[in-house]
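See structure below.
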Amino acid sequence: MLLIHCPYCGEKREEEEFTYDNEAGIVRPTDPEDLTDEEWGDYVFGRQNLCGPIYESWVHTAGCRKFLIVKRDNSNNKIDKTMTVQEASADKNYQEFNSTANSNIKKTNK
Amino acid sequence: MRYSFFNLLKQSFNGHKSWEPAWKEAKLKPHYDVIIIGGGGHGLATAYYLAKELKIRNVAVLEKGYIGGGNTGRNTTIIRSNYLRDESAKLYNHAVDLWQDLTRELNFNVMYSSRGVYNLGHSLQDMRNIERRVGANILNGIDSEVVLPDELKRRIPIMNTSSKTRYPILGASYQKKGGVARHDAVAWGFARAASKLGVDIVQNCEVTGMQVQQGQIKGLQTSKGEVQADKVGIVVAGHSSVLAAMAGIRLPVISRPLQAFVSEPLKPILNTVVMSSQVHGYISQSNKGDLVIGGGVDGYTGYSQRGSPHTLEHTVQAMIELFPFISRVRMNRQWAGIVDILPDACPIVGKTPVKNLYINCGWGTGGFKATPGAGHVFAHTIANDEPHKLNSALTLDRFISGALVDEQGASGVAQH
Ligand SMILES: Cc1cc2nc3c(=O)[nH]c(=O)nc-3n(C[C@H](O)[C@H](O)[C@H](O)COP(=O)(O)OP(=O)(O)OC[C@H]3O[C@@H](n4cnc5c(N)ncnc54)[C@H](O)[C@@H]3O)c2cc1C
Ligand SMILES: [Zn+2]
């Protein structure tokens, strides 16, 4: 059972109050028409699915119902920190993690 | 040494002192024609069929822990092939065909027991889906039938078929050829048979990097040093994304814990397999007598083989709803494996964007049943550098073309 600190409610609550959303940093392309099929497929389905410290987004479903960003080592479930979406957008490490989140097969394969 | 009555008799005169190890622990050689990464059932079966049918014998299976220590040794061993889509059902059914004779084929008792599998329906929509799936199965030559509550009550008296429950049972699909097998024996049986044909099985050998030159795989870095290979097959279930990333490939896979548990051994009480994807649990009784129970996947991605207690609690609730006697049974052990889930709940068995690098992944919560079939067609794919006809639709690039094979409804466990 994960205990997740909600940065909005300011309390540590049980995992069951939350809903896991996705790995963080997946941004909908601004101009989908300009993408190749590979790039679109990668946006829709491709995931880093890393093992180790990752950023992911959760929703505090049974609480404030807001999205939060959780930094968790998913190999041992240790939660390093949680952030509001605003805090995350100012976090350097989070930004770096995001920049690789949408790279597609073609780009990474070169 | 063959396992036979004659050899058993012969060894018994010698106090059983001269049995050989079932398979040979090999040292890593500098070069192989084919390297299989992952010593689970699928990897070992692939190596076996490469050696046996395709006569490629300079093959290694690299396993980071011990063989069968992944999902192969953690699953609830349900075998069936009553899936909806032609593209997937035919492959699962190929596996069910191979299970029938696997013990003899491998000269190792995999304890395949075709005790039948029921998939319950609890709503009118469930029953419509079941009718549709059974119809599709029959068209594909897969044994499948609809069973109604009165008959279910007669066949499984211990199950609560009352119409007064929260989610009354309205019927089920039934596959007579379905059943269970001994998971460890499957890994050991394939390992022994492959090893006998000259395949090197190297344990405690973790692949840590891949050498890709001009879009072609050349070799691997491992915890036991570097090794060259003409062809490489990735068969690592929950760790597929981690391995694919070493070759610069992003997969549509997510990895999540899936839990199971067993009770203390009981007298025989359940002689078949019962699954319900609606109340969400599945159960069988092992030959030792323990009830083997599984449920849905955990709510978040991750690689820690643990899972959350509340997921377990839901499974227990479902089981008590179906089999009220379970409320008084003590559970012995609980564990989790990391399952590799794809958006359409169907696997990828085929080529990758890197030449001579192949992948078999995405079996998620239900790949044990496919072990011999998947190994067989994956071996063909690697040897011929093109898919066998049974896995030709299960490509990685269906996630680009959009030609998904939607098995969401028919796979026994809701995957998200
Ligand atoms: C709790 C649970 C219940 C299940 N129930 C069923 C069921 O009832 N019926 C069914 O059909 N399926 C079921 N499944 C799914 C089934 O177990 C899997 O789909 C199947 O066993 C996958 O086999 P595999 O050989 O591909 O993977 P695994 O057996 O997981 O083998 C992969 C191997 O790769 C190794 N590996 C990983 N990384 C590396 C590396 N870097 N280098 C070297 N080796 C590496 C691992 O150590 C592992 O041994 C269940 C799974 C779980 C977890
Ligand atoms: Zn909150």
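Chain labels A, B, ... are given in the sequence in which chains occur in the structure tokens; within each chain residues are numbered consecutively from 1, and ligands are likewise numbered from 1 in the order shown.
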
Residues contacting ligand 1 - anything with an atom at most 6 Å away, using only C-alpha atoms and all ligand atoms - can you give me those as a PyMOL selection string? chain B and resi 37-43+62-65+67-72+74-79+205-208+235-237+239+258-260+336-339+363-369

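Taking only C-alpha atoms and all ligand atoms into account, the residues that come within 9 Å of ligand 2 are His5, Cys6, Pro7, Tyr8, Cys9, Gly10, Glu11, Arg13, Glu17, Phe18, Val59, His60, Thr61, Ala62, Gly63, Cys64, Arg65, Lys66, Phe67 and Leu68 of chain A.
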
As a PyMOL selection string, please: the residues near Asp80 of chain A (cut-off 8 Å, only C-alpha atoms, same-chain neighbours under 5 positions excluded). chain A and resi 70-73

Expected answer as a ChimeraX atom specification: chain A residues within 7 Å of chain B, only C-alpha atoms: /A:1,20,37-38,41,45-51,74-77,105,108-109

Can I get the selection written as a PDB file, in the first residue's frame, with N, CA and C atoms?
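New file out.pdb:
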ATOM      1  N   MET A   1       0.850  -1.216   0.000  1.00  0.00           N
ATOM      2  CA  MET A   1       0.000   0.000   0.000  1.00  0.00           C
ATOM      3  C   MET A   1       0.876   1.254   0.000  1.00  0.00           C
ATOM      4  N   TYR A  20      -4.082   6.134 -10.248  1.00  0.00           N
ATOM      5  CA  TYR A  20      -2.894   6.307 -11.088  1.00  0.00           C
ATOM      6  C   TYR A  20      -3.334   6.775 -12.462  1.00  0.00           C
ATOM      7  N   ASP A  37       2.937   8.702 -39.175  1.00  0.00           N
ATOM      8  CA  ASP A  37       2.223   7.636 -38.466  1.00  0.00           C
ATOM      9  C   ASP A  37       3.056   7.118 -37.292  1.00  0.00           C
ATOM     10  N   GLU A  38       4.384   7.026 -37.503  1.00  0.00           N
ATOM     11  CA  GLU A  38       5.271   6.544 -36.428  1.00  0.00           C
ATOM     12  C   GLU A  38       5.184   7.461 -35.222  1.00  0.00           C
ATOM     13  N   GLY A  41       1.707   7.182 -33.571  1.00  0.00           N
ATOM     14  CA  GLY A  41       1.625   5.901 -32.869  1.00  0.00           C
ATOM     15  C   GLY A  41       2.430   5.947 -31.580  1.00  0.00           C
ATOM     16  N   PHE A  45       0.739   5.340 -28.027  1.00  0.00           N
ATOM     17  CA  PHE A  45       1.007   4.056 -27.367  1.00  0.00           C
ATOM     18  C   PHE A  45       2.393   3.946 -26.726  1.00  0.00           C
ATOM     19  N   GLY A  46       3.376   4.669 -27.247  1.00  0.00           N
ATOM     20  CA  GLY A  46       4.753   4.484 -26.785  1.00  0.00           C
ATOM     21  C   GLY A  46       4.935   4.962 -25.347  1.00  0.00           C
ATOM     22  N   ARG A  47       5.659   4.196 -24.560  1.00  0.00           N
ATOM     23  CA  ARG A  47       5.906   4.572 -23.167  1.00  0.00           C
ATOM     24  C   ARG A  47       7.378   4.319 -22.837  1.00  0.00           C
ATOM     25  N   GLN A  48       7.921   5.135 -21.918  1.00  0.00           N
ATOM     26  CA  GLN A  48       9.273   4.841 -21.437  1.00  0.00           C
ATOM     27  C   GLN A  48       9.244   3.579 -20.580  1.00  0.00           C
ATOM     28  N   ASN A  49       8.232   3.495 -19.714  1.00  0.00           N
ATOM     29  CA  ASN A  49       8.074   2.327 -18.835  1.00  0.00           C
ATOM     30  C   ASN A  49       9.384   1.965 -18.150  1.00  0.00           C
ATOM     31  N   LEU A  50      10.060   3.000 -17.625  1.00  0.00           N
ATOM     32  CA  LEU A  50      11.375   2.814 -17.022  1.00  0.00           C
ATOM     33  C   LEU A  50      11.285   2.044 -15.712  1.00  0.00           C
ATOM     34  N   CYS A  51      12.400   1.396 -15.388  1.00  0.00           N
ATOM     35  CA  CYS A  51      12.530   0.754 -14.083  1.00  0.00           C
ATOM     36  C   CYS A  51      13.461   1.618 -13.255  1.00  0.00           C
ATOM     37  N   ASN A  74      10.113   3.044  -8.849  1.00  0.00           N
ATOM     38  CA  ASN A  74       9.139   1.961  -9.023  1.00  0.00           C
ATOM     39  C   ASN A  74       9.765   0.567  -8.902  1.00  0.00           C
ATOM     40  N   SER A  75      11.069   0.513  -8.591  1.00  0.00           N
ATOM     41  CA  SER A  75      11.648  -0.804  -8.329  1.00  0.00           C
ATOM     42  C   SER A  75      11.507  -1.164  -6.853  1.00  0.00           C
ATOM     43  N   ASN A  76      11.298  -0.149  -5.986  1.00  0.00           N
ATOM     44  CA  ASN A  76      11.123  -0.466  -4.557  1.00  0.00           C
ATOM     45  C   ASN A  76       9.965   0.305  -3.926  1.00  0.00           C
ATOM     46  N   ASN A  77       9.216   1.035  -4.755  1.00  0.00           N
ATOM     47  CA  ASN A  77       8.018   1.767  -4.321  1.00  0.00           C
ATOM     48  C   ASN A  77       8.298   2.924  -3.363  1.00  0.00           C
ATOM     49  N   ILE A 105      10.290   6.370 -31.812  1.00  0.00           N
ATOM     50  CA  ILE A 105      11.205   5.302 -32.193  1.00  0.00           C
ATOM     51  C   ILE A 105      12.284   5.804 -33.144  1.00  0.00           C
ATOM     52  N   THR A 108      14.966   8.077 -31.365  1.00  0.00           N
ATOM     53  CA  THR A 108      15.876   7.426 -30.422  1.00  0.00           C
ATOM     54  C   THR A 108      16.726   6.364 -31.104  1.00  0.00           C
ATOM     55  N   ASN A 109      16.325   5.955 -32.273  1.00  0.00           N
ATOM     56  CA  ASN A 109      16.977   4.823 -32.913  1.00  0.00           C
ATOM     57  C   ASN A 109      18.196   5.216 -33.748  1.00  0.00           C
TER      58      ASN A 109
END

Residue list (alpha helix (DSSP H), DSSP) for segment 18-57 of chain B, as number ranges by chain: B: 41-52

Give the answer as one residue: which of A:Asp21, A:Asp42, A:Glu96, A:Glu14 has the shortest atom-to-atom distance to Trp58 of chain A, using only C-alpha atoms?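 Nearest candidate to Trp58 of chain A out of A:Asp21, A:Asp42, A:Glu96, A:Glu14: A:Asp21.
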
Give me the residues within 7 Å of Glu23 of chain A as a compact mmCIF listing (two decimals) with C-alpha atoms, in the first residue's frame, counting only C-alpha atoms and dropping any in the same chain fewer than 4 places off.
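Printed below is selection02.txt as written:
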# COMPACT_ATOMS: atom_id res chain seq x y z
CA TYR A 55 7.76 10.78 -12.45
CA GLU A 56 4.13 9.85 -12.82
CA SER A 57 0.83 11.63 -12.57

Please give the complete set of residues from segment 150-200 of chain B that DSSP, run on the backbone, assigns to strand (DSSP E), formatted as a PyMOL selection string. chain B and resi 171-175+179-180+200

Extract, using only C-alpha atoms, all DNA, RNA and protein residues at most 6 Å from Ser263 of chain B, discarding same-chain residues fewer than 3 positions from it, and format them as number ranges by chain. B: 290-291, 330-332

Export of the given selection (N, CA and C atoms) as a CSV table (one decimal), in the first residue's frame:
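again03.csv, freshly written:
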chain,number,residue,atom,x,y,z
B,290,ASP,N,-3.9,-27.3,-2.5
B,290,ASP,CA,-4.1,-25.9,-2.2
B,290,ASP,C,-4.9,-25.2,-3.2
B,291,LEU,N,-5.7,-24.2,-2.8
B,291,LEU,CA,-6.5,-23.4,-3.7
B,291,LEU,C,-5.6,-22.4,-4.3
B,330,ARG,N,-7.6,-20.7,5.5
B,330,ARG,CA,-6.4,-19.9,5.7
B,330,ARG,C,-5.6,-19.8,4.4
B,331,MET,N,-5.1,-18.6,4.1
B,331,MET,CA,-4.2,-18.5,3.0
B,331,MET,C,-2.7,-18.6,3.4
B,332,ASN,N,-2.0,-19.3,2.7
B,332,ASN,CA,-0.6,-19.6,3.0
B,332,ASN,C,0.4,-18.6,2.6
